[in-house]
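Q: Input: one structure, supplied below.
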Amino acid sequence: MHTAILTFDGYNELDSLIALGVLNRVPGMRVSIASPAPRVTSMNGVTIDAMIGLEEACTADAVIVGSGSKTREVVEDPAIMSTLARLDPARQLLAAQCSGTLVLAKLGLLDGVPACTDLTTKPWVLAAGVEVLNQPFFARSDLATAGGCLASTYLATWVIARLQGLDAAEHAMHYVAPVGEKDDYVARALRNVTPYLEPAVASS
């Protein structure tokens, strides 16, 4: 199973890299940083190499749209958005973190679907015609959104649970959670994610 994390110039490290770290705890899971350029620099000056391009990302089993300080520039870029128009919740899981929700909104993928985002991005998502929820995570069918940097763990939990099962998601979260607080962290992640899983997954 392949998960691509869309990571643009000005990206937020907490969004892209926490999800990358959690997802990579799952055996057999391929996780790729996907960018429109060979290298991107974060909002705090951290430069990383892209692992794949956006075209390949659009074929992944799951796609997480990361956030950053230049997301409004991303959604105004015709080349990027025409490529991302290939994203399709009918054949892949689609998730967005904070301002990444604006990307899904501008692609028309959140029509009639409420979403989560960060407080800075909220007005732009509302202006795009999407209801914004005051909660860290929401999913409907094969679309999920999260608001707040550390809610990236919830997106990762949801992706793993959908692709590999709930046991794999619990194990990955337990691995990365702080010592002495592991049960609390796992319980919190499951409390936020399991209400939005298909019944067969939530009961596994």
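Labels for the structure tokens follow display order: chains A, B, ..., residues from 1 in each chain, ligands from 1.
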Just the helix (DSSP H, G or I) stuff from range 11-202 of chain A, please, per backbone DSSP, written as number ranges by chain.

A: A: 13-23, 54-57, 71-74, 78-84, 100-106, 122-127, 149-164, 166-176, 182-196, 199-202

Q: Can you list, as a PDB file with all heavy atoms, in the first residue's frame, every protein, DNA or RNA residue that comes within 8 Å of range 87-104 of chain A when you count only C-alpha atoms, leaving out same-chain residues fewer than 2 positions away?

A:
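That gives us result_24.pdb:
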```pdb
ATOM      1  N   ASP A  15       3.086  18.765  10.028  1.00  0.00           N
ATOM      2  CA  ASP A  15       2.027  18.103   9.269  1.00  0.00           C
ATOM      3  C   ASP A  15       2.567  16.977   8.400  1.00  0.00           C
ATOM      4  O   ASP A  15       2.097  15.840   8.461  1.00  0.00           O
ATOM      5  CB  ASP A  15       1.296  19.126   8.401  1.00  0.00           C
ATOM      6  CG  ASP A  15       0.574  20.161   9.245  1.00  0.00           C
ATOM      7  OD1 ASP A  15       0.416  19.936  10.448  1.00  0.00           O
ATOM      8  OD2 ASP A  15       0.181  21.195   8.688  1.00  0.00           O
ATOM      9  N   CYS A  58      -0.835  10.999  -7.435  1.00  0.00           N
ATOM     10  CA  CYS A  58      -2.253  10.862  -7.767  1.00  0.00           C
ATOM     11  C   CYS A  58      -2.667   9.410  -7.997  1.00  0.00           C
ATOM     12  O   CYS A  58      -3.863   9.112  -8.083  1.00  0.00           O
ATOM     13  CB  CYS A  58      -2.588  11.704  -8.997  1.00  0.00           C
ATOM     14  SG  CYS A  58      -2.554  13.487  -8.686  1.00  0.00           S
ATOM     15  N   THR A  59      -1.701   8.506  -8.096  1.00  0.00           N
ATOM     16  CA  THR A  59      -2.022   7.089  -8.277  1.00  0.00           C
ATOM     17  C   THR A  59      -1.913   6.304  -6.970  1.00  0.00           C
ATOM     18  O   THR A  59      -2.160   5.099  -6.957  1.00  0.00           O
ATOM     19  CB  THR A  59      -1.063   6.447  -9.304  1.00  0.00           C
ATOM     20  OG1 THR A  59       0.266   6.385  -8.756  1.00  0.00           O
ATOM     21  CG2 THR A  59      -1.032   7.244 -10.597  1.00  0.00           C
ATOM     22  N   ALA A  60      -1.557   6.966  -5.865  1.00  0.00           N
ATOM     23  CA  ALA A  60      -1.348   6.274  -4.590  1.00  0.00           C
ATOM     24  C   ALA A  60      -2.669   5.766  -4.019  1.00  0.00           C
ATOM     25  O   ALA A  60      -3.755   6.250  -4.354  1.00  0.00           O
ATOM     26  CB  ALA A  60      -0.673   7.205  -3.590  1.00  0.00           C
ATOM     27  N   ASP A  61      -2.556   4.779  -3.129  1.00  0.00           N
ATOM     28  CA  ASP A  61      -3.748   4.243  -2.464  1.00  0.00           C
ATOM     29  C   ASP A  61      -4.355   5.261  -1.507  1.00  0.00           C
ATOM     30  O   ASP A  61      -5.570   5.266  -1.275  1.00  0.00           O
ATOM     31  CB  ASP A  61      -3.382   2.976  -1.686  1.00  0.00           C
ATOM     32  CG  ASP A  61      -2.807   1.904  -2.582  1.00  0.00           C
ATOM     33  OD1 ASP A  61      -3.578   1.332  -3.388  1.00  0.00           O
ATOM     34  OD2 ASP A  61      -1.587   1.637  -2.503  1.00  0.00           O
ATOM     35  N   ALA A  62      -3.495   6.100  -0.917  1.00  0.00           N
ATOM     36  CA  ALA A  62      -3.954   7.166  -0.030  1.00  0.00           C
ATOM     37  C   ALA A  62      -3.100   8.394  -0.268  1.00  0.00           C
ATOM     38  O   ALA A  62      -1.900   8.291  -0.524  1.00  0.00           O
ATOM     39  CB  ALA A  62      -3.858   6.730   1.432  1.00  0.00           C
ATOM     40  N   VAL A  63      -3.733   9.558  -0.171  1.00  0.00           N
ATOM     41  CA  VAL A  63      -3.033  10.823  -0.365  1.00  0.00           C
ATOM     42  C   VAL A  63      -3.379  11.752   0.788  1.00  0.00           C
ATOM     43  O   VAL A  63      -4.566  11.980   1.071  1.00  0.00           O
ATOM     44  CB  VAL A  63      -3.422  11.496  -1.702  1.00  0.00           C
ATOM     45  CG1 VAL A  63      -2.706  12.835  -1.845  1.00  0.00           C
ATOM     46  CG2 VAL A  63      -3.087  10.585  -2.871  1.00  0.00           C
ATOM     47  N   ILE A  64      -2.351  12.259   1.458  1.00  0.00           N
ATOM     48  CA  ILE A  64      -2.534  13.266   2.495  1.00  0.00           C
ATOM     49  C   ILE A  64      -2.037  14.596   1.942  1.00  0.00           C
ATOM     50  O   ILE A  64      -0.882  14.701   1.503  1.00  0.00           O
ATOM     51  CB  ILE A  64      -1.756  12.914   3.778  1.00  0.00           C
ATOM     52  CG1 ILE A  64      -2.287  11.610   4.386  1.00  0.00           C
ATOM     53  CG2 ILE A  64      -1.834  14.054   4.794  1.00  0.00           C
ATOM     54  CD1 ILE A  64      -1.475  11.128   5.589  1.00  0.00           C
ATOM     55  N   VAL A  65      -2.885  15.605   1.964  1.00  0.00           N
ATOM     56  CA  VAL A  65      -2.487  16.937   1.509  1.00  0.00           C
ATOM     57  C   VAL A  65      -1.982  17.711   2.723  1.00  0.00           C
ATOM     58  O   VAL A  65      -2.757  18.073   3.612  1.00  0.00           O
ATOM     59  CB  VAL A  65      -3.658  17.687   0.848  1.00  0.00           C
ATOM     60  CG1 VAL A  65      -3.169  19.011   0.263  1.00  0.00           C
ATOM     61  CG2 VAL A  65      -4.309  16.833  -0.232  1.00  0.00           C
ATOM     62  N   GLY A  66      -0.687  17.928   2.772  1.00  0.00           N
ATOM     63  CA  GLY A  66      -0.102  18.660   3.879  1.00  0.00           C
ATOM     64  C   GLY A  66      -0.382  20.152   3.784  1.00  0.00           C
ATOM     65  O   GLY A  66      -0.850  20.650   2.758  1.00  0.00           O
ATOM     66  N   SER A  67      -0.085  20.867   4.851  1.00  0.00           N
ATOM     67  CA  SER A  67      -0.354  22.295   4.863  1.00  0.00           C
ATOM     68  C   SER A  67       0.943  23.090   4.853  1.00  0.00           C
ATOM     69  O   SER A  67       2.042  22.539   4.880  1.00  0.00           O
ATOM     70  CB  SER A  67      -1.190  22.671   6.087  1.00  0.00           C
ATOM     71  OG  SER A  67      -0.378  22.699   7.253  1.00  0.00           O
ATOM     72  N   GLY A  68       0.799  24.405   4.833  1.00  0.00           N
ATOM     73  CA  GLY A  68       1.973  25.266   4.843  1.00  0.00           C
ATOM     74  C   GLY A  68       1.589  26.719   4.660  1.00  0.00           C
ATOM     75  O   GLY A  68       0.411  27.059   4.527  1.00  0.00           O
ATOM     76  N   THR A  71      -0.166  27.829   0.913  1.00  0.00           N
ATOM     77  CA  THR A  71      -1.248  27.031   0.330  1.00  0.00           C
ATOM     78  C   THR A  71      -2.134  27.856  -0.589  1.00  0.00           C
ATOM     79  O   THR A  71      -2.602  27.361  -1.619  1.00  0.00           O
ATOM     80  CB  THR A  71      -2.099  26.382   1.434  1.00  0.00           C
ATOM     81  OG1 THR A  71      -1.249  25.599   2.274  1.00  0.00           O
ATOM     82  CG2 THR A  71      -3.168  25.479   0.841  1.00  0.00           C
ATOM     83  N   ARG A  72      -2.355  29.117  -0.250  1.00  0.00           N
ATOM     84  CA  ARG A  72      -3.187  29.939  -1.139  1.00  0.00           C
ATOM     85  C   ARG A  72      -2.505  30.157  -2.485  1.00  0.00           C
ATOM     86  O   ARG A  72      -3.181  30.313  -3.510  1.00  0.00           O
ATOM     87  CB  ARG A  72      -3.528  31.263  -0.473  1.00  0.00           C
ATOM     88  CG  ARG A  72      -4.597  31.125   0.608  1.00  0.00           C
ATOM     89  CD  ARG A  72      -5.134  32.461   1.060  1.00  0.00           C
ATOM     90  NE  ARG A  72      -4.139  33.227   1.783  1.00  0.00           N
ATOM     91  CZ  ARG A  72      -4.328  34.474   2.215  1.00  0.00           C
ATOM     92  NH1 ARG A  72      -5.473  35.088   1.958  1.00  0.00           N
ATOM     93  NH2 ARG A  72      -3.378  35.104   2.877  1.00  0.00           N
ATOM     94  N   VAL A  74      -0.613  27.790  -3.808  1.00  0.00           N
ATOM     95  CA  VAL A  74      -0.772  26.473  -4.435  1.00  0.00           C
ATOM     96  C   VAL A  74      -2.106  26.392  -5.173  1.00  0.00           C
ATOM     97  O   VAL A  74      -2.174  25.957  -6.329  1.00  0.00           O
ATOM     98  CB  VAL A  74      -0.671  25.352  -3.374  1.00  0.00           C
ATOM     99  CG1 VAL A  74      -1.099  24.005  -3.969  1.00  0.00           C
ATOM    100  CG2 VAL A  74       0.741  25.255  -2.833  1.00  0.00           C
ATOM    101  N   VAL A  75      -3.190  26.806  -4.514  1.00  0.00           N
ATOM    102  CA  VAL A  75      -4.512  26.662  -5.134  1.00  0.00           C
ATOM    103  C   VAL A  75      -4.725  27.648  -6.287  1.00  0.00           C
ATOM    104  O   VAL A  75      -5.691  27.498  -7.049  1.00  0.00           O
ATOM    105  CB  VAL A  75      -5.649  26.800  -4.094  1.00  0.00           C
ATOM    106  CG1 VAL A  75      -5.537  25.711  -3.047  1.00  0.00           C
ATOM    107  CG2 VAL A  75      -5.662  28.180  -3.447  1.00  0.00           C
ATOM    108  N   LEU A  84      -3.591  17.810  -9.734  1.00  0.00           N
ATOM    109  CA  LEU A  84      -4.309  17.281  -8.572  1.00  0.00           C
ATOM    110  C   LEU A  84      -5.774  16.984  -8.871  1.00  0.00           C
ATOM    111  O   LEU A  84      -6.437  16.287  -8.094  1.00  0.00           O
ATOM    112  CB  LEU A  84      -4.198  18.248  -7.396  1.00  0.00           C
ATOM    113  CG  LEU A  84      -2.786  18.493  -6.862  1.00  0.00           C
ATOM    114  CD1 LEU A  84      -2.831  19.387  -5.631  1.00  0.00           C
ATOM    115  CD2 LEU A  84      -2.096  17.167  -6.527  1.00  0.00           C
ATOM    116  N   ALA A  85      -6.274  17.489  -9.992  1.00  0.00           N
ATOM    117  CA  ALA A  85      -7.645  17.179 -10.389  1.00  0.00           C
ATOM    118  C   ALA A  85      -7.835  15.689 -10.654  1.00  0.00           C
ATOM    119  O   ALA A  85      -8.968  15.202 -10.722  1.00  0.00           O
ATOM    120  CB  ALA A  85      -8.028  17.989 -11.626  1.00  0.00           C
ATOM    121  N   LYS A 106     -10.978  23.555  -3.004  1.00  0.00           N
ATOM    122  CA  LYS A 106     -10.851  24.190  -4.316  1.00  0.00           C
ATOM    123  C   LYS A 106     -10.959  23.181  -5.454  1.00  0.00           C
ATOM    124  O   LYS A 106     -11.325  23.535  -6.577  1.00  0.00           O
ATOM    125  CB  LYS A 106      -9.522  24.942  -4.408  1.00  0.00           C
ATOM    126  CG  LYS A 106      -9.450  26.188  -3.537  1.00  0.00           C
ATOM    127  CD  LYS A 106     -10.407  27.275  -4.019  1.00  0.00           C
ATOM    128  CE  LYS A 106     -10.177  28.586  -3.296  1.00  0.00           C
ATOM    129  NZ  LYS A 106     -11.051  29.678  -3.806  1.00  0.00           N
ATOM    130  N   LEU A 107     -10.646  21.915  -5.161  1.00  0.00           N
ATOM    131  CA  LEU A 107     -10.802  20.861  -6.171  1.00  0.00           C
ATOM    132  C   LEU A 107     -12.248  20.379  -6.267  1.00  0.00           C
ATOM    133  O   LEU A 107     -12.571  19.539  -7.115  1.00  0.00           O
ATOM    134  CB  LEU A 107      -9.885  19.678  -5.834  1.00  0.00           C
ATOM    135  CG  LEU A 107      -8.384  19.903  -6.037  1.00  0.00           C
ATOM    136  CD1 LEU A 107      -7.587  18.752  -5.428  1.00  0.00           C
ATOM    137  CD2 LEU A 107      -8.041  20.055  -7.520  1.00  0.00           C
ATOM    138  N   GLY A 108     -13.104  20.894  -5.396  1.00  0.00           N
ATOM    139  CA  GLY A 108     -14.506  20.491  -5.409  1.00  0.00           C
ATOM    140  C   GLY A 108     -14.774  19.158  -4.749  1.00  0.00           C
ATOM    141  O   GLY A 108     -15.866  18.596  -4.890  1.00  0.00           O
ATOM    142  N   LEU A 109     -13.807  18.665  -3.987  1.00  0.00           N
ATOM    143  CA  LEU A 109     -13.951  17.332  -3.382  1.00  0.00           C
ATOM    144  C   LEU A 109     -14.688  17.365  -2.055  1.00  0.00           C
ATOM    145  O   LEU A 109     -15.039  16.306  -1.513  1.00  0.00           O
ATOM    146  CB  LEU A 109     -12.571  16.707  -3.194  1.00  0.00           C
ATOM    147  CG  LEU A 109     -11.822  16.419  -4.496  1.00  0.00           C
ATOM    148  CD1 LEU A 109     -10.383  15.997  -4.208  1.00  0.00           C
ATOM    149  CD2 LEU A 109     -12.537  15.327  -5.293  1.00  0.00           C
ATOM    150  N   LEU A 110     -14.939  18.559  -1.511  1.00  0.00           N
ATOM    151  CA  LEU A 110     -15.623  18.667  -0.229  1.00  0.00           C
ATOM    152  C   LEU A 110     -17.032  19.227  -0.373  1.00  0.00           C
ATOM    153  O   LEU A 110     -17.623  19.671   0.613  1.00  0.00           O
ATOM    154  CB  LEU A 110     -14.808  19.537   0.734  1.00  0.00           C
ATOM    155  CG  LEU A 110     -13.429  18.994   1.120  1.00  0.00           C
ATOM    156  CD1 LEU A 110     -12.706  19.978   2.032  1.00  0.00           C
ATOM    157  CD2 LEU A 110     -13.555  17.630   1.812  1.00  0.00           C
ATOM    158  N   ALA A 115     -15.755  19.880   7.125  1.00  0.00           N
ATOM    159  CA  ALA A 115     -14.321  19.603   7.199  1.00  0.00           C
ATOM    160  C   ALA A 115     -13.699  20.266   8.417  1.00  0.00           C
ATOM    161  O   ALA A 115     -14.265  21.161   9.035  1.00  0.00           O
ATOM    162  CB  ALA A 115     -13.627  20.094   5.929  1.00  0.00           C
ATOM    163  N   CYS A 116     -12.491  19.823   8.734  1.00  0.00           N
ATOM    164  CA  CYS A 116     -11.678  20.410   9.793  1.00  0.00           C
ATOM    165  C   CYS A 116     -10.495  21.133   9.159  1.00  0.00           C
ATOM    166  O   CYS A 116      -9.991  20.720   8.116  1.00  0.00           O
ATOM    167  CB  CYS A 116     -11.148  19.324  10.736  1.00  0.00           C
ATOM    168  SG  CYS A 116     -12.432  18.342  11.522  1.00  0.00           S
ATOM    169  N   THR A 117     -10.052  22.180   9.809  1.00  0.00           N
ATOM    170  CA  THR A 117      -8.873  22.908   9.361  1.00  0.00           C
ATOM    171  C   THR A 117      -8.333  23.706  10.538  1.00  0.00           C
ATOM    172  O   THR A 117      -8.902  23.666  11.633  1.00  0.00           O
ATOM    173  CB  THR A 117      -9.196  23.825   8.158  1.00  0.00           C
ATOM    174  OG1 THR A 117      -7.989  24.347   7.613  1.00  0.00           O
ATOM    175  CG2 THR A 117     -10.106  24.967   8.560  1.00  0.00           C
ATOM    176  N   ASP A 118      -7.246  24.419  10.322  1.00  0.00           N
ATOM    177  CA  ASP A 118      -6.692  25.248  11.395  1.00  0.00           C
ATOM    178  C   ASP A 118      -7.415  26.594  11.427  1.00  0.00           C
ATOM    179  O   ASP A 118      -8.139  26.957  10.500  1.00  0.00           O
ATOM    180  CB  ASP A 118      -5.188  25.448  11.186  1.00  0.00           C
ATOM    181  CG  ASP A 118      -4.900  26.190   9.888  1.00  0.00           C
ATOM    182  OD1 ASP A 118      -4.937  25.555   8.812  1.00  0.00           O
ATOM    183  OD2 ASP A 118      -4.661  27.406   9.958  1.00  0.00           O
ATOM    184  N   THR A 121      -6.696  29.092   8.493  1.00  0.00           N
ATOM    185  CA  THR A 121      -7.263  28.734   7.192  1.00  0.00           C
ATOM    186  C   THR A 121      -8.785  28.756   7.186  1.00  0.00           C
ATOM    187  O   THR A 121      -9.398  28.839   6.120  1.00  0.00           O
ATOM    188  CB  THR A 121      -6.766  27.330   6.780  1.00  0.00           C
ATOM    189  OG1 THR A 121      -5.340  27.280   6.890  1.00  0.00           O
ATOM    190  CG2 THR A 121      -7.143  26.974   5.357  1.00  0.00           C
ATOM    191  N   TRP A 124     -10.814  31.015   4.799  1.00  0.00           N
ATOM    192  CA  TRP A 124     -10.646  30.703   3.374  1.00  0.00           C
ATOM    193  C   TRP A 124     -11.453  29.470   2.994  1.00  0.00           C
ATOM    194  O   TRP A 124     -12.028  29.417   1.898  1.00  0.00           O
ATOM    195  CB  TRP A 124      -9.169  30.486   3.050  1.00  0.00           C
ATOM    196  CG  TRP A 124      -8.275  31.576   3.546  1.00  0.00           C
ATOM    197  CD1 TRP A 124      -8.600  32.906   3.686  1.00  0.00           C
ATOM    198  CD2 TRP A 124      -6.923  31.441   3.988  1.00  0.00           C
ATOM    199  NE1 TRP A 124      -7.525  33.605   4.190  1.00  0.00           N
ATOM    200  CE2 TRP A 124      -6.486  32.742   4.387  1.00  0.00           C
ATOM    201  CE3 TRP A 124      -6.040  30.379   4.080  1.00  0.00           C
ATOM    202  CZ2 TRP A 124      -5.207  32.978   4.875  1.00  0.00           C
ATOM    203  CZ3 TRP A 124      -4.752  30.608   4.554  1.00  0.00           C
ATOM    204  CH2 TRP A 124      -4.348  31.888   4.950  1.00  0.00           C
ATOM    205  N   VAL A 125     -11.516  28.489   3.886  1.00  0.00           N
ATOM    206  CA  VAL A 125     -12.310  27.289   3.615  1.00  0.00           C
ATOM    207  C   VAL A 125     -13.798  27.631   3.631  1.00  0.00           C
ATOM    208  O   VAL A 125     -14.571  27.150   2.784  1.00  0.00           O
ATOM    209  CB  VAL A 125     -11.975  26.179   4.626  1.00  0.00           C
ATOM    210  CG1 VAL A 125     -12.886  24.961   4.421  1.00  0.00           C
ATOM    211  CG2 VAL A 125     -10.506  25.759   4.488  1.00  0.00           C
ATOM    212  N   ALA A 128     -14.759  29.179   0.514  1.00  0.00           N
ATOM    213  CA  ALA A 128     -14.842  28.204  -0.578  1.00  0.00           C
ATOM    214  C   ALA A 128     -16.134  27.395  -0.518  1.00  0.00           C
ATOM    215  O   ALA A 128     -16.349  26.503  -1.344  1.00  0.00           O
ATOM    216  CB  ALA A 128     -13.637  27.264  -0.528  1.00  0.00           C
ATOM    217  N   ASP A 142     -14.402   8.039   2.109  1.00  0.00           N
ATOM    218  CA  ASP A 142     -12.966   8.000   1.826  1.00  0.00           C
ATOM    219  C   ASP A 142     -12.300   9.372   1.866  1.00  0.00           C
ATOM    220  O   ASP A 142     -11.200   9.553   1.333  1.00  0.00           O
ATOM    221  CB  ASP A 142     -12.729   7.346   0.457  1.00  0.00           C
ATOM    222  CG  ASP A 142     -13.108   5.875   0.460  1.00  0.00           C
ATOM    223  OD1 ASP A 142     -13.105   5.262   1.539  1.00  0.00           O
ATOM    224  OD2 ASP A 142     -13.425   5.343  -0.615  1.00  0.00           O
ATOM    225  N   LEU A 143     -12.948  10.339   2.530  1.00  0.00           N
ATOM    226  CA  LEU A 143     -12.397  11.683   2.694  1.00  0.00           C
ATOM    227  C   LEU A 143     -12.219  11.986   4.173  1.00  0.00           C
ATOM    228  O   LEU A 143     -13.128  11.743   4.977  1.00  0.00           O
ATOM    229  CB  LEU A 143     -13.341  12.727   2.095  1.00  0.00           C
ATOM    230  CG  LEU A 143     -13.440  12.806   0.568  1.00  0.00           C
ATOM    231  CD1 LEU A 143     -14.662  13.625   0.172  1.00  0.00           C
ATOM    232  CD2 LEU A 143     -12.182  13.434  -0.018  1.00  0.00           C
ATOM    233  N   ALA A 144     -11.059  12.520   4.548  1.00  0.00           N
ATOM    234  CA  ALA A 144     -10.808  12.884   5.939  1.00  0.00           C
ATOM    235  C   ALA A 144     -10.068  14.212   6.002  1.00  0.00           C
ATOM    236  O   ALA A 144      -9.255  14.522   5.131  1.00  0.00           O
ATOM    237  CB  ALA A 144      -9.994  11.800   6.647  1.00  0.00           C
ATOM    238  N   THR A 145     -10.348  14.987   7.051  1.00  0.00           N
ATOM    239  CA  THR A 145      -9.640  16.247   7.265  1.00  0.00           C
ATOM    240  C   THR A 145      -9.306  16.377   8.743  1.00  0.00           C
ATOM    241  O   THR A 145      -9.988  15.823   9.605  1.00  0.00           O
ATOM    242  CB  THR A 145     -10.481  17.462   6.826  1.00  0.00           C
ATOM    243  OG1 THR A 145     -11.776  17.396   7.446  1.00  0.00           O
ATOM    244  CG2 THR A 145     -10.645  17.494   5.315  1.00  0.00           C
ATOM    245  N   ALA A 146      -8.240  17.131   9.023  1.00  0.00           N
ATOM    246  CA  ALA A 146      -7.817  17.348  10.405  1.00  0.00           C
ATOM    247  C   ALA A 146      -7.414  18.798  10.583  1.00  0.00           C
ATOM    248  O   ALA A 146      -6.912  19.442   9.654  1.00  0.00           O
ATOM    249  CB  ALA A 146      -6.655  16.430  10.772  1.00  0.00           C
ATOM    250  N   GLY A 147      -7.609  19.327  11.787  1.00  0.00           N
ATOM    251  CA  GLY A 147      -7.255  20.700  12.091  1.00  0.00           C
ATOM    252  C   GLY A 147      -6.330  20.778  13.288  1.00  0.00           C
ATOM    253  O   GLY A 147      -6.607  20.171  14.330  1.00  0.00           O
ATOM    254  N   GLY A 148      -5.243  21.516  13.148  1.00  0.00           N
ATOM    255  CA  GLY A 148      -4.236  21.607  14.194  1.00  0.00           C
ATOM    256  C   GLY A 148      -3.079  20.679  13.890  1.00  0.00           C
ATOM    257  O   GLY A 148      -3.278  19.502  13.552  1.00  0.00           O
ATOM    258  N   CYS A 149      -1.859  21.190  14.012  1.00  0.00           N
ATOM    259  CA  CYS A 149      -0.676  20.437  13.584  1.00  0.00           C
ATOM    260  C   CYS A 149      -0.612  19.023  14.165  1.00  0.00           C
ATOM    261  O   CYS A 149      -0.349  18.056  13.449  1.00  0.00           O
ATOM    262  CB  CYS A 149       0.595  21.189  13.957  1.00  0.00           C
ATOM    263  SG  CYS A 149       0.740  22.827  13.232  1.00  0.00           S
ATOM    264  N   ALA A 151      -2.862  17.144  15.133  1.00  0.00           N
ATOM    265  CA  ALA A 151      -3.920  16.252  14.658  1.00  0.00           C
ATOM    266  C   ALA A 151      -3.444  15.410  13.486  1.00  0.00           C
ATOM    267  O   ALA A 151      -4.177  14.531  13.015  1.00  0.00           O
ATOM    268  CB  ALA A 151      -5.160  17.058  14.262  1.00  0.00           C
ATOM    269  N   SER A 152      -2.220  15.654  13.006  1.00  0.00           N
ATOM    270  CA  SER A 152      -1.649  14.807  11.954  1.00  0.00           C
ATOM    271  C   SER A 152      -1.570  13.353  12.402  1.00  0.00           C
ATOM    272  O   SER A 152      -1.629  12.441  11.571  1.00  0.00           O
ATOM    273  CB  SER A 152      -0.260  15.312  11.555  1.00  0.00           C
ATOM    274  OG  SER A 152       0.591  15.406  12.674  1.00  0.00           O
ATOM    275  N   LEU A 155      -4.858  11.766  11.377  1.00  0.00           N
ATOM    276  CA  LEU A 155      -4.909  11.409   9.960  1.00  0.00           C
ATOM    277  C   LEU A 155      -4.127  10.134   9.694  1.00  0.00           C
ATOM    278  O   LEU A 155      -4.582   9.256   8.956  1.00  0.00           O
ATOM    279  CB  LEU A 155      -4.329  12.541   9.102  1.00  0.00           C
ATOM    280  CG  LEU A 155      -5.203  13.746   8.784  1.00  0.00           C
ATOM    281  CD1 LEU A 155      -4.498  14.644   7.787  1.00  0.00           C
ATOM    282  CD2 LEU A 155      -6.560  13.329   8.260  1.00  0.00           C
ATOM    283  N   VAL A 159      -5.609   6.636   8.167  1.00  0.00           N
ATOM    284  CA  VAL A 159      -5.082   6.020   6.946  1.00  0.00           C
ATOM    285  C   VAL A 159      -4.642   4.583   7.223  1.00  0.00           C
ATOM    286  O   VAL A 159      -4.954   3.656   6.454  1.00  0.00           O
ATOM    287  CB  VAL A 159      -3.912   6.843   6.369  1.00  0.00           C
ATOM    288  CG1 VAL A 159      -3.192   6.064   5.272  1.00  0.00           C
ATOM    289  CG2 VAL A 159      -4.417   8.174   5.822  1.00  0.00           C
TER     290      VAL A 159
END
```

Q: Write out as number ranges by chain the set of residues from chain A that DSSP, computed on the backbone, places in strand (DSSP E).

A: A: 2-6, 30-34, 39-41, 47-49, 62-65, 93-97, 137-140, 143-146

Q: Need to verify the contact set: Ala189 in chain A, 8 Å, only C-alpha atoms, exclusion of same-chain residues closer than 6 positions in sequence. Can you return it as a ChimeraX atom specification?

A: /A:153-154,157,173

Q: Selection from above, all heavy atoms, as a compact mmCIF listing (two decimals), in the first residue's frame, can you write it?

A:
```
# COMPACT_ATOMS: atom_id res chain seq x y z
N THR A 153 -1.47 13.12 13.72
CA THR A 153 -1.47 11.73 14.21
C THR A 153 -2.82 11.07 13.96
O THR A 153 -2.88 9.86 13.73
CB THR A 153 -1.14 11.67 15.71
OG1 THR A 153 -2.09 12.45 16.44
CG2 THR A 153 0.26 12.19 15.97
N TYR A 154 -3.89 11.85 13.99
CA TYR A 154 -5.22 11.28 13.74
C TYR A 154 -5.38 10.91 12.27
O TYR A 154 -5.96 9.86 11.95
CB TYR A 154 -6.32 12.26 14.16
CG TYR A 154 -6.26 12.69 15.61
CD1 TYR A 154 -6.75 13.91 16.02
CD2 TYR A 154 -5.68 11.86 16.58
CE1 TYR A 154 -6.70 14.30 17.35
CE2 TYR A 154 -5.62 12.25 17.91
CZ TYR A 154 -6.13 13.47 18.28
OH TYR A 154 -6.08 13.87 19.60
N THR A 157 -3.47 7.73 11.83
CA THR A 157 -4.22 6.62 12.42
C THR A 157 -5.34 6.18 11.49
O THR A 157 -5.55 4.98 11.27
CB THR A 157 -4.80 7.04 13.78
OG1 THR A 157 -3.72 7.37 14.67
CG2 THR A 157 -5.62 5.91 14.40
N MET A 173 0.67 3.91 16.60
CA MET A 173 0.53 5.01 17.55
C MET A 173 1.22 4.68 18.88
O MET A 173 1.86 5.53 19.50
CB MET A 173 -0.93 5.32 17.79
CG MET A 173 -1.50 6.32 16.78
SD MET A 173 -0.60 7.89 16.77
CE MET A 173 -0.81 8.42 18.46
```

Q: Find the residue from A:Thr3, A:Ala169, A:Tyr11, A:Tyr185 that sits nearest to Arg25 in chain A; use only C-alpha atoms when measuring.

A: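 Counting only C-alpha atoms, the residue closest to Arg25 in chain A is A:Ala169.
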
Q: Do a neighbour search on Leu14 in chain A at 7 Å with only C-alpha atoms, toss out local chain neighbours closer than 2 positions, and write the hits as a list of chain:residue names.

A: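 Residues meeting the cut-off are A:Asn12, A:Ser16, A:Leu17, A:Ile18, A:Cys149, A:Leu150.
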
Q: With N, CA and C atoms retained, could you export that selection as a compact mmCIF listing (two decimals), in the first residue's frame?

A:
```
# COMPACT_ATOMS: atom_id res chain seq x y z
N ASN A 12 4.55 22.86 6.39
CA ASN A 12 4.63 22.76 7.85
C ASN A 12 5.23 21.40 8.20
N SER A 16 3.56 17.29 7.58
CA SER A 16 4.07 16.28 6.65
C SER A 16 4.92 15.21 7.34
N LEU A 17 5.80 15.63 8.24
CA LEU A 17 6.81 14.70 8.75
C LEU A 17 6.32 13.85 9.92
N ILE A 18 5.39 14.36 10.73
CA ILE A 18 4.81 13.49 11.76
C ILE A 18 4.02 12.37 11.11
N CYS A 149 -1.86 21.19 14.01
CA CYS A 149 -0.68 20.44 13.58
C CYS A 149 -0.61 19.02 14.16
N LEU A 150 -0.82 18.90 15.46
CA LEU A 150 -0.66 17.59 16.10
C LEU A 150 -1.81 16.64 15.79
```

Q: Mind giving me the straight-line distance from CA of Tyr196 in chain A to CA of Gly180 in chain A in Å, one decimal?

A: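 Computing it gives 27.7 Å between the two atoms.
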
Q: Which value, in Å to one decimal, gives the distance between CA of Ala37 in chain A and CA of Pro123 in chain A?

A: 28.2 Å

Q: So which one's closest to Leu20 in chain A, A:Arg39, A:Glu73, A:Val176, A:Thr194? Using only C-alpha atoms, please.

A: A:Val176
